[in-house]
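> I am attaching a structure below and will ask some questions about it afterwards.
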Amino acid sequence: MPNNETPLSPKSRDGFELFLISLIILFMELAAIRWFPAHVLYLTFFTNVVLLASFLGMSVGCLAASRRRNYLRWTPLLLVIALAAAHAVEISSGSFMKFVDVGNQASPQQVYFGTEYHSQDLSHYAIPIEALCGFFFIVIALAFLGPGQELGRALKRWPNRVQAYTLNIGGSIVGIALFGLCSWLEIPAYWWFFLGAVGLGYFYFISSRSSFPRRQFGWGSALVGLLMVVVWLAAFTPIHDQHPDQRETQEFWSPYYRIDFKQADLSLSVNLIYHQQMVSRNENFPAYAVPHLLNRDAGRPPFADVLIIGAGSGNDVSRAVQWNAKHVDAVEIDPAIYRLGRAFHPDRPYQDERVQIYLDDGRNFLRSSDRKYDLIVYALVDSLVLHSGYSNIRLESFLFTQQAFADVRRHLKPNGTFVIYNYFRQGWLAARLQKSLDDVFGAGNSLVLTLPYRTTIEPEKATFGDFTIFFAGATSALRDAFALRPDYWLRDDEAPGPSSPNGFQQQPGADALHIAEQTAGRDPASPSQWHHFGLAKVLPVEGGLRTPTDDWPFLYLRKPMIPTLSWRGILIMGGLGMLLILVFMPRRKTRAAHAAERDVLPVRFLSPLNVQFFFLGAGFMLVETKAVVTMALLFGSTWVVNSVVFLAVLMMILLANFWALRVRLERLWPYYAGLFATLALNAMVPLNFFLGMNRSIQVPGACLLVFAPIIFAGVVFAATFKRTRHPDLAFGVNIAGAMVGGLAEYSSMLLGFQYVALVAILFYALSAVGLRNADEVLDAGSSGSIVGEA
């Protein structure tokens with residue numbers, strides 16, 4: 001046996017390599033989705049740029065499977081370029097942000113966290129954020145070109161198309177499970193890329209089909225060196241010029257974020273955005289104590305049972321314990337942030353025996369618990385991260401819908417209070433929240449105040465530095481207290497606590513009062529500093545605002561629309577994708593050209609069969625997106641739920657493949673009919689239909705509704721793929737369609753997620769256009785063949 005041969009039989013080797021390259025692609029796709037937005041903040045402003053870039057690379061790679069040139073050799077270099085560029089953007093982010101225009105955040109159609117604190121002089125020089133997005137989109141796509149080509153070649157080598165597709169799905173399932181294990185163990189990111197490099201190394205140095213010149217020491221050394229650089233770049237932590245103490249930063253990778261923790265000031269940043277700081281109750285920071293102070297000074301008893309959603313590192317838990325709560329349920333979705341708070345918070349709130357921690361999604365906790373509370377707090381609930389690479393929702397999106405507020409109301413005792421606070425950035429966002437609260441708790445029920453004090457909140461003005469607090473529920477006592485004394489005064493030179501004097505009754509002297517009023521409630525010079533606040537009036541938005549619902553959970557989107565920034569991103573990604581596909585399109589030789597080796601014509605990309613494959617991919621992407629969103633609503637927006645849904649989708653495809661292998665499928669129209677019927681049912685049944693049901697009904701009912709279309713679509717694809725003469729081309733076209741489906745997901749911002757199923761129906765109807773002519777096209781290989789280019 002030659003040295004470069006494996007001990008496997010040729011057929012077993014072909015199956016193993018198809019399985020392995022499928023595993024590597026899926027694993028590296030998930031790694032890229034996690035790593036790049038954690039280093040390039042701007043990529044988070046486009047829902048699925050990394051996902052679609054990887055899809056494009058795989059698609060083009062499959063289309064290039066017949067080419068003699070091996071693009072896999074360029075993958076390490078392209079990964080080095082992509083990772084190095086991401087670090088360059090991160091290192092220069094402090095100055096770079098001043099020149100980047102992110103959807104006009106002074107008056108935005110959609111709020112993007114992490115951009116609002118930078119004043120930009122865009123009249124001199126502005127870099128459209130979508131241009132930066134386009135750069136990373138094309139580089140990441142090119143990095144996946146080589147693995148995609150290897151996948152296309154592996155599919156061609158396996159004679160039974162459905163078996164080949166089954167091996168592909170099996171490798172993808174293992175790839176998801178492996179990355180899920182990495183997330184559960186919270187291993188550093190460089191291990192992700194190390195595992196990917198090891199997998200690629202097989203095709204460079206072990207595979208008998210490798211076209212790399214192993215005897216040329218230089219090639220092997222260069223590849224090993226580049227793979228080592230990839231792993232080093234994944235592990236590299238840049239030192240920012242604006243943070244001279246950056247060397248003291250510890251980096252963690254939770255299942256959701258890249259977390260940078262500075263023990264010196266106990267601050268946490270997630271995905272490059274400052275997120276929170278552990279503040280002791282002995283420090284003079286009043287915000288976390290305000291609900292307790294106002295409750296006491298309005299003449300109400302202390303909150304006995306407290307629920308804190310978004311407990312984070314423990315600041316709100318510390319205040320609840322300080323104010324003698326008898327029981328505190330603390331809900332935090334991120335286990336790494338909780339562990340940091342438990343280990344480093346100076347008040348040690350999580351060690352208190354009255355505190356019970358739940359590592360769960362807040363909405364899921366509200367649905368699974370029946371306990372009643374005197375106080376429920378949304379504690380700075382802003383995840384700053386998308387729920388997944390498939391949809392526009394954030395981790396907290398389902399916490400701010402009308403149905404979520406109704407869940408909160410159900411958990412309040414008769415005299416219970418609901419408090420929301422955060423830096424909400426825009427006046428219209430505050431108006432939307434107040435309207436949502438009043439719709440659920442009663443007209444005029446909610447109260448709003450800001451720190452520093454504003455008498456009015458105007459919808460058309462930004463409120464970047466305002467800490468806005470909303471009260472709902474039992475608010476009559478607090479409203480009466482402010483009616484009696486409109487101003488509530490606090491001293492800045494002492495920490496607010498149970499022993500602090502009544503803020504309605506104390507008042508600074510005349511001189512300090514004058515200075516405080518002249519400085520918007522603050523006296524920076526007096527040794528006895530005072531600040532005050534009162535109720536703010538939120539002015540209504542002209543024309544009204546749509547309030548978020550479980551079907552349209554877009555709190556940060558001003559109105560149902562696809563924002564202009566998103567449109568520009570769609571056009572750039574779509575244009576670059578079409579360009580790459582045209583460049584790498586296979587060529588077809590006519591019969592005469594077979595003899596003359598000329599007259600090479602482009603393959604008919606829009607032939608009936610390719611139309612079917614293309615729109616099957618587009619429709620399937622939307623069906624998968626709706627499955628992810630529905631299950632997040634029903635069972636929680638956690639990474640575990642995401643992983644289970646992705647695995648379940650692939651398992652449904654496996655079932656469809658087994659059906660296609662065992663059953664002779666002469667007609668596809670019954671499966672199309674089942675597909676359209678189940679999609680129509682998904683469009684009619686609200687996303688929250690199964691909420692509150694018994695688990696014995698909820699789980700099977702939701703799974704049947706969500707996954708039934710996947711079964712029918714899987715059978716249609718497997719039956720068509722089974723007979724194709726060019727599986728590499730078919731698979732590439734299908735993945736290109738999935739990319740279009742990913743771009744079409746932006747329609748959810750206009751239609752809502754329930755009606756995304758209608759867009760999927762449209763795509764599947766277009767896929768049926770080529771069904772009648774499929775046999776003719778499948779046999780067209782007799783008059784021409786797909787050939788590669790040098």
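We label chains A, B, ... in the order they appear in the structure tokens, count residues from 1 in each chain, and number ligands from 1 in the order shown.
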Can you list, as a list in words, every protein, DNA or RNA residue that comes within 9 Å of Leu750 of chain A when you count only C-alpha atoms, leaving out same-chain residues fewer than 5 positions away?
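These residues fall inside the cut-off: Trp552, Lys559, Pro560, Met561 and Ile562 of chain A.
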> Hey, what does DSSP flag as helix (DSSP H, G or I) within segment 179-307 of chain A? Can you give it to me as a ChimeraX atom specification?
/A:179-185,189-205,217-235,246-248,287-297
> Using only C-alpha atoms, which protein or nucleic acid residues come within 10 Å of Cys703 of chain A? Drop anything in the same chain fewer than 5 positions from it, and give the result as a ChimeraX atom specification.
/A:627,630-631,645,648,698,708
> Please provide the set of residues having any atom within 9 Å of Ser54 of chain A, restricted to only C-alpha atoms, with same-chain residues fewer than 5 positions apart removed, written as a PyMOL selection string.
chain A and resi 25+28-29+32+49+59+137+140-145
> Atoms to include: C-alpha atoms. Write the selected residues as an mmCIF file, in the first residue's frame.

```
data_model
loop_
_atom_site.group_PDB
_atom_site.id
_atom_site.type_symbol
_atom_site.label_atom_id
_atom_site.label_comp_id
_atom_site.auth_asym_id
_atom_site.auth_seq_id
_atom_site.Cartn_x
_atom_site.Cartn_y
_atom_site.Cartn_z
ATOM 1 C CA ILE A 25 -17.940 22.911 7.301
ATOM 2 C CA MET A 28 -16.382 26.061 11.196
ATOM 3 C CA GLU A 29 -19.596 27.831 10.165
ATOM 4 C CA ALA A 32 -17.280 31.856 12.467
ATOM 5 C CA VAL A 49 -23.952 38.092 7.307
ATOM 6 C CA SER A 59 -22.381 27.085 -2.865
ATOM 7 C CA PHE A 137 -18.841 38.934 3.665
ATOM 8 C CA ILE A 140 -15.458 34.766 4.755
ATOM 9 C CA ALA A 141 -17.212 33.418 1.647
ATOM 10 C CA LEU A 142 -13.864 32.865 -0.075
ATOM 11 C CA ALA A 143 -12.563 31.084 3.028
ATOM 12 C CA PHE A 144 -15.407 28.568 2.706
ATOM 13 C CA LEU A 145 -14.863 28.138 -1.039
#
```
> Would you write out, as a Markdown table, a table of all residues in segment 22-74 of chain A that have an atom no more than 12 Å from an atom of segment 739-746 of chain A, listing for each the closest atom pair and the distance in Å to one decimal, considering only C-alpha atoms and ordering rows by chain and rising residue number?

```
| residue | atom | partner | partner_atom | distance |
| --- | --- | --- | --- | --- |
| A:Phe46 | CA | A:Tyr746 | CA | 9.7 |
| A:Thr47 | CA | A:Tyr746 | CA | 8.2 |
| A:Asn48 | CA | A:Gly742 | CA | 7.2 |
| A:Val49 | CA | A:Leu743 | CA | 9.2 |
| A:Val50 | CA | A:Met739 | CA | 10.9 |
| A:Leu51 | CA | A:Met739 | CA | 8.5 |
| A:Leu52 | CA | A:Met739 | CA | 5.5 |
| A:Ala53 | CA | A:Met739 | CA | 8.3 |
| A:Ser54 | CA | A:Met739 | CA | 9.2 |
| A:Phe55 | CA | A:Met739 | CA | 6.2 |
| A:Leu56 | CA | A:Met739 | CA | 6.7 |
| A:Gly57 | CA | A:Met739 | CA | 10.3 |
| A:Met58 | CA | A:Met739 | CA | 10.4 |
| A:Ser59 | CA | A:Met739 | CA | 9.0 |
| A:Val60 | CA | A:Met739 | CA | 11.5 |
```
> Show me, as a PyMOL selection string, the residues that have an atom within 9 Å of Phe690 of chain A when counting only C-alpha atoms, minus same-chain residues fewer than 6 positions from it.
chain A and resi 634+697-699+701-702
> Print the selection's residues with N, CA and C atoms to a file, as an mmCIF file, in the first residue's frame.

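Output file again.cif follows:
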```cif
data_model
loop_
_atom_site.group_PDB
_atom_site.id
_atom_site.type_symbol
_atom_site.label_atom_id
_atom_site.label_comp_id
_atom_site.auth_asym_id
_atom_site.auth_seq_id
_atom_site.Cartn_x
_atom_site.Cartn_y
_atom_site.Cartn_z
ATOM 1 N N LEU A 634 -41.414 29.303 22.666
ATOM 2 C CA LEU A 634 -42.099 28.299 23.475
ATOM 3 C C LEU A 634 -41.224 27.739 24.585
ATOM 4 N N ILE A 697 -48.944 18.164 25.844
ATOM 5 C CA ILE A 697 -49.616 18.608 24.625
ATOM 6 C C ILE A 697 -48.737 19.592 23.869
ATOM 7 N N GLN A 698 -48.073 20.474 24.609
ATOM 8 C CA GLN A 698 -47.295 21.545 23.993
ATOM 9 C C GLN A 698 -46.150 21.006 23.135
ATOM 10 N N VAL A 699 -45.369 20.074 23.685
ATOM 11 C CA VAL A 699 -44.173 19.600 22.980
ATOM 12 C C VAL A 699 -44.530 18.873 21.689
ATOM 13 N N GLY A 701 -47.371 18.878 20.017
ATOM 14 C CA GLY A 701 -48.151 19.740 19.136
ATOM 15 C C GLY A 701 -47.280 20.744 18.407
ATOM 16 N N ALA A 702 -46.380 21.418 19.144
ATOM 17 C CA ALA A 702 -45.493 22.406 18.525
ATOM 18 C C ALA A 702 -44.535 21.747 17.547
#
```
> Could you state the separation of atom CA of Ile81 of chain A and atom CA of Val174 of chain A in Å, given to one decimal place?
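Straight-line distance from atom CA of Ile81 of chain A to atom CA of Val174 of chain A works out to 27.9 Å.
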> How many Å lie between atom CA of Ser12 of chain A and atom CA of Ala65 of chain A, rounded to one decimal?
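It comes out at 20.5 Å.
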> Enter the distance from atom CA of Ile357 of chain A to atom CA of Trp35 of chain A, in Å, rounded to one decimal.
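So the answer is 28.5 Å.
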> I'd like the neighbourhood of Pro301 of chain A as a ChimeraX atom specification, where a residue qualifies if any of its atoms comes within 12 Å (using only C-alpha atoms), though same-chain residues fewer than 6 positions away should be ignored.
/A:292-295,323-325,374-375,415-416,477
> Hey, which of A:Leu307, A:Gln149, A:Tyr764, A:Ala85 ends up closest to Ala234 of chain A? Count only C-alpha atoms.
A:Ala85
> Segment 22-83 of chain A near segment 220-223 of chain A within 12 Å: what's each residue's closest atom pair and its distance in Å to one decimal, counting only C-alpha atoms, ordered by chain then ascending residue number, as CSV?

```
residue,atom,partner,partner_atom,distance
A:Leu72,CA,A:Leu223,CA,10.6
A:Arg73,CA,A:Leu223,CA,7.7
A:Trp74,CA,A:Leu223,CA,9.0
A:Thr75,CA,A:Leu223,CA,9.5
A:Pro76,CA,A:Leu223,CA,7.1
A:Leu77,CA,A:Leu223,CA,8.5
A:Leu78,CA,A:Leu223,CA,11.8
A:Leu79,CA,A:Leu223,CA,11.9
A:Val80,CA,A:Leu223,CA,11.5
```
> Quick one: residues within 9 Å of Pro496 of chain A, only C-alpha atoms counted, chain neighbours fewer than 2 positions away excluded, as a list in words?
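What passes the distance filter is Arg281, Asn282, Glu283, Asn284, Phe285, Pro286, Ala289, Val290, Leu293, Leu490, Arg491, Asp492, Glu494, Pro498, Ser499, Ser500 and Pro501 of chain A.
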> A:Ala462, A:Ala536, A:Leu395, A:Ile572: which is nearest Phe554 of chain A, counting only C-alpha atoms?
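Looking only at the distances to Phe554 of chain A, the closest residue turns out to be A:Leu395.
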> When distances are computed from only C-alpha atoms, which of A:Val715, A:Val541, A:Leu185, A:Val644 shows the smallest separation from Gly674 of chain A?
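Answer, going by the shortest atom-to-atom distance: A:Val715.
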